[in-house]
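For reference, run-v2.cif (mmCIF, C-alpha atoms):
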```
data_coords
loop_
_atom_site.group_PDB
_atom_site.id
_atom_site.type_symbol
_atom_site.label_atom_id
_atom_site.label_comp_id
_atom_site.auth_asym_id
_atom_site.auth_seq_id
_atom_site.Cartn_x
_atom_site.Cartn_y
_atom_site.Cartn_z
ATOM 1 C CA MET A 26 8.355 6.730 -13.584
ATOM 2 C CA ASN A 27 10.598 6.673 -10.553
ATOM 3 C CA VAL A 28 9.529 8.641 -7.486
ATOM 4 C CA ASP A 29 11.476 9.248 -4.312
ATOM 5 C CA VAL A 30 9.955 8.006 -1.057
ATOM 6 C CA PHE A 31 12.067 8.527 2.069
ATOM 7 C CA GLY A 32 15.179 8.764 -0.095
ATOM 8 C CA ARG A 33 14.488 5.512 -1.930
ATOM 9 C CA PRO A 34 13.296 5.082 -5.514
ATOM 10 C CA MET A 35 9.880 3.555 -6.189
ATOM 11 C CA GLU A 36 8.635 2.652 -9.661
ATOM 12 C CA LEU A 37 5.102 3.718 -10.648
ATOM 13 C CA ASP A 38 3.350 3.164 -13.966
ATOM 14 C CA ALA A 39 2.482 6.822 -14.598
ATOM 15 C CA ALA A 40 0.430 5.811 -17.656
ATOM 16 C CA ARG A 41 -2.160 4.430 -15.201
ATOM 17 C CA ILE A 42 -2.503 7.776 -13.374
ATOM 18 C CA ASP A 43 -4.411 10.647 -14.950
ATOM 19 C CA ALA A 44 -2.143 13.447 -13.730
ATOM 20 C CA SER A 45 1.111 15.119 -14.610
ATOM 21 C CA GLU A 46 4.327 13.632 -13.266
ATOM 22 C CA ASP A 47 4.853 16.862 -11.300
ATOM 23 C CA ASP A 48 1.431 16.472 -9.639
ATOM 24 C CA ILE A 49 2.135 12.807 -8.822
ATOM 25 C CA ARG A 50 5.540 13.645 -7.338
ATOM 26 C CA GLY A 51 4.066 16.585 -5.401
ATOM 27 C CA GLN A 52 1.308 14.504 -3.817
ATOM 28 C CA ILE A 53 3.753 11.729 -2.926
ATOM 29 C CA ALA A 54 6.101 14.275 -1.322
ATOM 30 C CA GLU A 55 3.175 15.670 0.699
ATOM 31 C CA TYR A 56 2.228 12.143 1.809
ATOM 32 C CA ALA A 57 5.807 11.329 2.867
ATOM 33 C CA ALA A 58 5.964 14.602 4.814
ATOM 34 C CA GLY A 59 2.780 13.679 6.690
ATOM 35 C CA GLN A 60 0.785 16.442 4.992
ATOM 36 C CA ARG A 61 -1.492 14.202 2.878
ATOM 37 C CA ARG A 62 -3.603 11.219 3.944
ATOM 38 C CA ALA A 63 -5.222 10.430 0.574
ATOM 39 C CA PHE A 64 -4.168 10.864 -3.030
ATOM 40 C CA ASP A 65 -6.304 12.966 -5.330
ATOM 41 C CA LEU A 66 -5.227 11.017 -8.416
ATOM 42 C CA ALA A 67 -7.453 9.124 -10.857
ATOM 43 C CA VAL A 68 -6.046 5.620 -11.365
ATOM 44 C CA ASP A 69 -6.849 3.367 -14.320
ATOM 45 C CA CYS A 70 -6.974 -0.088 -12.721
ATOM 46 C CA PRO A 71 -6.348 -3.116 -14.922
ATOM 47 C CA GLU A 72 -9.311 -5.264 -15.901
ATOM 48 C CA GLY A 73 -9.977 -8.454 -13.969
ATOM 49 C CA PHE A 74 -8.745 -9.791 -10.670
ATOM 50 C CA THR A 75 -5.800 -7.421 -10.166
ATOM 51 C CA GLY A 76 -8.127 -4.480 -10.702
ATOM 52 C CA ASP A 77 -10.602 -5.942 -8.199
ATOM 53 C CA VAL A 78 -7.825 -6.293 -5.598
ATOM 54 C CA MET A 79 -6.637 -2.750 -6.311
ATOM 55 C CA ALA A 80 -10.169 -1.429 -5.751
ATOM 56 C CA ALA A 81 -10.299 -3.275 -2.406
ATOM 57 C CA MET A 82 -6.906 -1.844 -1.402
ATOM 58 C CA ARG A 83 -8.072 1.695 -2.190
ATOM 59 C CA ASP A 84 -10.896 1.194 0.330
ATOM 60 C CA ILE A 85 -8.461 0.577 3.224
ATOM 61 C CA PRO A 86 -8.348 3.818 5.218
ATOM 62 C CA TYR A 87 -5.135 5.646 6.055
ATOM 63 C CA GLY A 88 -3.632 4.266 9.258
ATOM 64 C CA GLU A 89 -5.418 0.905 9.022
ATOM 65 C CA THR A 90 -4.447 -2.494 7.684
ATOM 66 C CA ARG A 91 -6.221 -5.554 6.352
ATOM 67 C CA THR A 92 -4.845 -9.039 5.987
ATOM 68 C CA TYR A 93 -4.493 -10.877 2.710
ATOM 69 C CA GLY A 94 -7.181 -13.184 4.136
ATOM 70 C CA ASP A 95 -9.527 -10.255 4.819
ATOM 71 C CA LEU A 96 -9.341 -9.165 1.185
ATOM 72 C CA ALA A 97 -9.556 -12.765 -0.023
ATOM 73 C CA ALA A 98 -12.784 -13.306 1.944
ATOM 74 C CA ALA A 99 -14.277 -10.107 0.530
ATOM 75 C CA LEU A 100 -13.322 -11.129 -3.019
ATOM 76 C CA ASP A 101 -14.172 -14.844 -2.615
ATOM 77 C CA THR A 102 -10.648 -16.014 -3.413
ATOM 78 C CA ALA A 103 -7.480 -17.212 -1.686
ATOM 79 C CA PRO A 104 -5.011 -15.094 0.323
ATOM 80 C CA VAL A 105 -2.144 -16.227 -1.934
ATOM 81 C CA ALA A 106 -4.007 -14.893 -4.980
ATOM 82 C CA VAL A 107 -4.499 -11.547 -3.239
ATOM 83 C CA GLY A 108 -0.795 -11.457 -2.374
ATOM 84 C CA SER A 109 0.128 -12.091 -6.003
ATOM 85 C CA ALA A 110 -2.156 -9.290 -7.154
ATOM 86 C CA CYS A 111 -0.688 -6.939 -4.545
ATOM 87 C CA GLY A 112 2.770 -7.766 -5.889
ATOM 88 C CA THR A 113 1.761 -6.651 -9.385
ATOM 89 C CA ASN A 114 0.143 -3.372 -8.306
ATOM 90 C CA PRO A 115 1.393 -0.937 -10.976
ATOM 91 C CA VAL A 116 0.979 2.122 -8.740
ATOM 92 C CA PRO A 117 2.153 1.198 -5.225
ATOM 93 C CA LEU A 118 1.596 3.820 -2.559
ATOM 94 C CA VAL A 119 -1.085 5.569 -4.658
ATOM 95 C CA VAL A 120 -3.058 2.315 -4.394
ATOM 96 C CA PRO A 121 -1.961 1.383 -0.869
ATOM 97 C CA CYS A 122 -0.801 -2.231 -1.074
ATOM 98 C CA HIS A 123 1.433 -1.484 1.928
ATOM 99 C CA ARG A 124 -1.750 -1.613 4.053
ATOM 100 C CA VAL A 125 -2.219 -5.321 3.280
ATOM 101 C CA VAL A 126 -0.384 -7.553 5.749
ATOM 102 C CA GLY A 127 -0.108 -11.220 6.625
ATOM 103 C CA ARG A 128 -2.087 -12.751 9.454
ATOM 104 C CA ASP A 129 1.093 -13.395 11.449
ATOM 105 C CA SER A 130 3.637 -11.259 9.624
ATOM 106 C CA LEU A 131 4.158 -8.021 7.814
ATOM 107 C CA GLY A 132 3.944 -9.833 4.484
ATOM 108 C CA GLY A 133 5.872 -8.756 1.421
ATOM 109 C CA TYR A 134 6.236 -5.491 -0.443
ATOM 110 C CA SER A 135 7.493 -5.272 -3.999
ATOM 111 C CA ALA A 136 8.057 -1.504 -4.080
ATOM 112 C CA GLY A 137 11.068 0.539 -3.031
ATOM 113 C CA ASP A 138 13.327 -1.433 -0.737
ATOM 114 C CA GLY A 139 10.700 -3.989 0.183
ATOM 115 C CA THR A 140 9.412 -4.630 3.669
ATOM 116 C CA ALA A 141 11.596 -1.937 5.268
ATOM 117 C CA LEU A 142 9.716 0.653 3.221
ATOM 118 C CA LYS A 143 6.357 -1.033 3.963
ATOM 119 C CA GLU A 144 7.091 -0.854 7.672
ATOM 120 C CA ARG A 145 8.080 2.810 7.420
ATOM 121 C CA LEU A 146 4.915 3.706 5.476
ATOM 122 C CA LEU A 147 2.724 1.996 8.072
ATOM 123 C CA ALA A 148 4.615 3.742 10.878
ATOM 124 C CA LEU A 149 4.074 7.105 9.147
ATOM 125 C CA GLU A 150 0.349 6.369 9.063
ATOM 126 C CA GLY A 151 0.304 5.279 12.708
ATOM 127 C CA ALA A 152 -1.043 1.810 11.880
ATOM 128 C CA PRO A 153 -1.535 -0.256 15.062
ATOM 129 C CA ARG A 154 1.139 -2.827 15.881
ATOM 130 C CA VAL A 155 1.031 -6.161 17.648
ATOM 131 C CA GLU A 156 3.465 -8.995 18.260
ATOM 132 C CA ASP A 157 2.912 -12.361 16.625
ATOM 133 C CA ASP A 158 3.469 -15.701 18.380
ATOM 134 C CA SER A 159 7.245 -15.545 17.771
ATOM 135 C CA GLY A 160 7.527 -12.180 19.509
ATOM 136 C CA ARG A 161 8.174 -10.279 16.265
ATOM 137 C CA ARG A 162 6.297 -7.036 15.800
ATOM 138 C CA ARG A 163 3.816 -6.844 12.938
ATOM 139 C CA GLU A 164 1.025 -4.610 11.740
ATOM 140 C CA GLN A 165 -2.406 -5.371 13.170
ATOM 141 C CA SER A 166 -5.472 -5.828 11.004
ATOM 142 C CA THR A 167 -8.115 -3.415 12.157
ATOM 143 C CA SER A 168 -11.021 -5.030 10.332
#
```

Translate this file's structure into structure tokens.
Amino acid sequence: MNVDVFGRPMELDAARIDASEDDIRGQIAEYAAGQRRAFDLAVDCPEGFTGDVMAAMRDIPYGETRTYGDLAAALDTAPVAVGSACGTNPVPLVVPCHRVVGRDSLGGYSAGDGTALKERLLALEGAPRVEDDSGRRREQSTS
């Protein structure tokens, strides 16, 4: 299903969420308006590694970030593998892959319009920001 986030379409696999499309859209609209910090939606995570990464992403609190390396260390794997799993998250935003960033960069985002949307979501949540060695601004890991 397509949902609207800040005027941009985002694709979600609604079959993985145990709720009506109206409820999903309503909670996403509340989140985008700053009225919701957590989704009250049951998500059916895939089996295996992607599901493990999704579970770790769900544990990242609103307004905080973790690096791909942070999740990789917790899951005893490589940051690149975590990044690949984040990129296949079937329910972005509901399972907050936008809260996973690179050590020295924002990292990627496969939903909506990519990193511009990721940056806007993190700004909405008030995630801390720092500058990397090149002087570019990026999200700060708070772990």

* To do: Run the PyMOL selection byres ((chain A and resi 63-77) around 8) against the file shown and list the residues it catches, as a ChimeraX atom specification.
  => /A:41-44,49,52-53,56,61-62,78-81,87,100,110-111,113-114,119

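Considering the residues A:Val126, A:Leu118, A:Ala58, A:Val107 and counting all atoms listed in the file, A:Leu149 has its shortest atom-to-atom contact with A:Ala58.
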
* Asked: Selected by the PyMOL selection byres ((chain A and resi 35-39) around 8) in the shown coordinates: which residues, as a ChimeraX atom specification?
  -> /A:26-30,33-34,40-43,46,115-117,136-137

Could the residues in this selection be saved with C-alpha atoms as a PDB file, keeping the file's coordinate frame?
```pdb
ATOM      1  CA  MET A  26       8.355   6.730 -13.584  1.00  0.00           C
ATOM      2  CA  ASN A  27      10.598   6.673 -10.553  1.00  0.00           C
ATOM      3  CA  VAL A  28       9.529   8.641  -7.486  1.00  0.00           C
ATOM      4  CA  ASP A  29      11.476   9.248  -4.312  1.00  0.00           C
ATOM      5  CA  VAL A  30       9.955   8.006  -1.057  1.00  0.00           C
ATOM      6  CA  ARG A  33      14.488   5.512  -1.930  1.00  0.00           C
ATOM      7  CA  PRO A  34      13.296   5.082  -5.514  1.00  0.00           C
ATOM      8  CA  ALA A  40       0.430   5.811 -17.656  1.00  0.00           C
ATOM      9  CA  ARG A  41      -2.160   4.430 -15.201  1.00  0.00           C
ATOM     10  CA  ILE A  42      -2.503   7.776 -13.374  1.00  0.00           C
ATOM     11  CA  ASP A  43      -4.411  10.647 -14.950  1.00  0.00           C
ATOM     12  CA  GLU A  46       4.327  13.632 -13.266  1.00  0.00           C
ATOM     13  CA  PRO A 115       1.393  -0.937 -10.976  1.00  0.00           C
ATOM     14  CA  VAL A 116       0.979   2.122  -8.740  1.00  0.00           C
ATOM     15  CA  PRO A 117       2.153   1.198  -5.225  1.00  0.00           C
ATOM     16  CA  ALA A 136       8.057  -1.504  -4.080  1.00  0.00           C
ATOM     17  CA  GLY A 137      11.068   0.539  -3.031  1.00  0.00           C
TER      18      GLY A 137
END
```

* Mind telling me what the PyMOL selection byres ((chain A and resi 97) around 12) catches here, as JSON, numbers by chain? -> {"A": [74, 77, 78, 81, 82, 91, 92, 93, 94, 95, 96, 98, 99, 100, 101, 102, 103, 104, 105, 106, 107, 108, 109, 110, 111, 125, 127]}

* Take the point (0.0, -2.7, 4.9) in the file's coordinates, draw a sphere of radius 8 Å around it, and report as a PyMOL selection string every protein, DNA or RNA residue with an atom inside or on it, counting all atoms listed in the file. => chain A and resi 89-91+121-126+131+143-144+147+164

* **Two-atom distance - atom CA of A:Pro153, atom CA of A:Pro86 (Å)** => 12.6 Å

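Between atom CA of A:Gly32 and atom CA of A:Gly139 lies a distance of 13.5 Å.
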
* **Of the listed residues A:Gly88, A:Ser45, A:Gly59, A:Arg50, that which approaches A:Gly151 most closely, counting only C-alpha atoms** =>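 Using only C-alpha atoms, the shortest distance to A:Gly151 belongs to A:Gly88.
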
* Point-to-point distance in Å for atom CA of A:Phe31 and atom CA of A:Ala148 ->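 Interatomic distance, atom CA of A:Ala148 to atom CA of A:Phe31: 12.5 Å.
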
* Nearest residue to A:Arg83 from the set A:Glu150, A:Val120, A:Asp48, A:Gly112 (distances using all atoms listed in the file) -> A:Val120
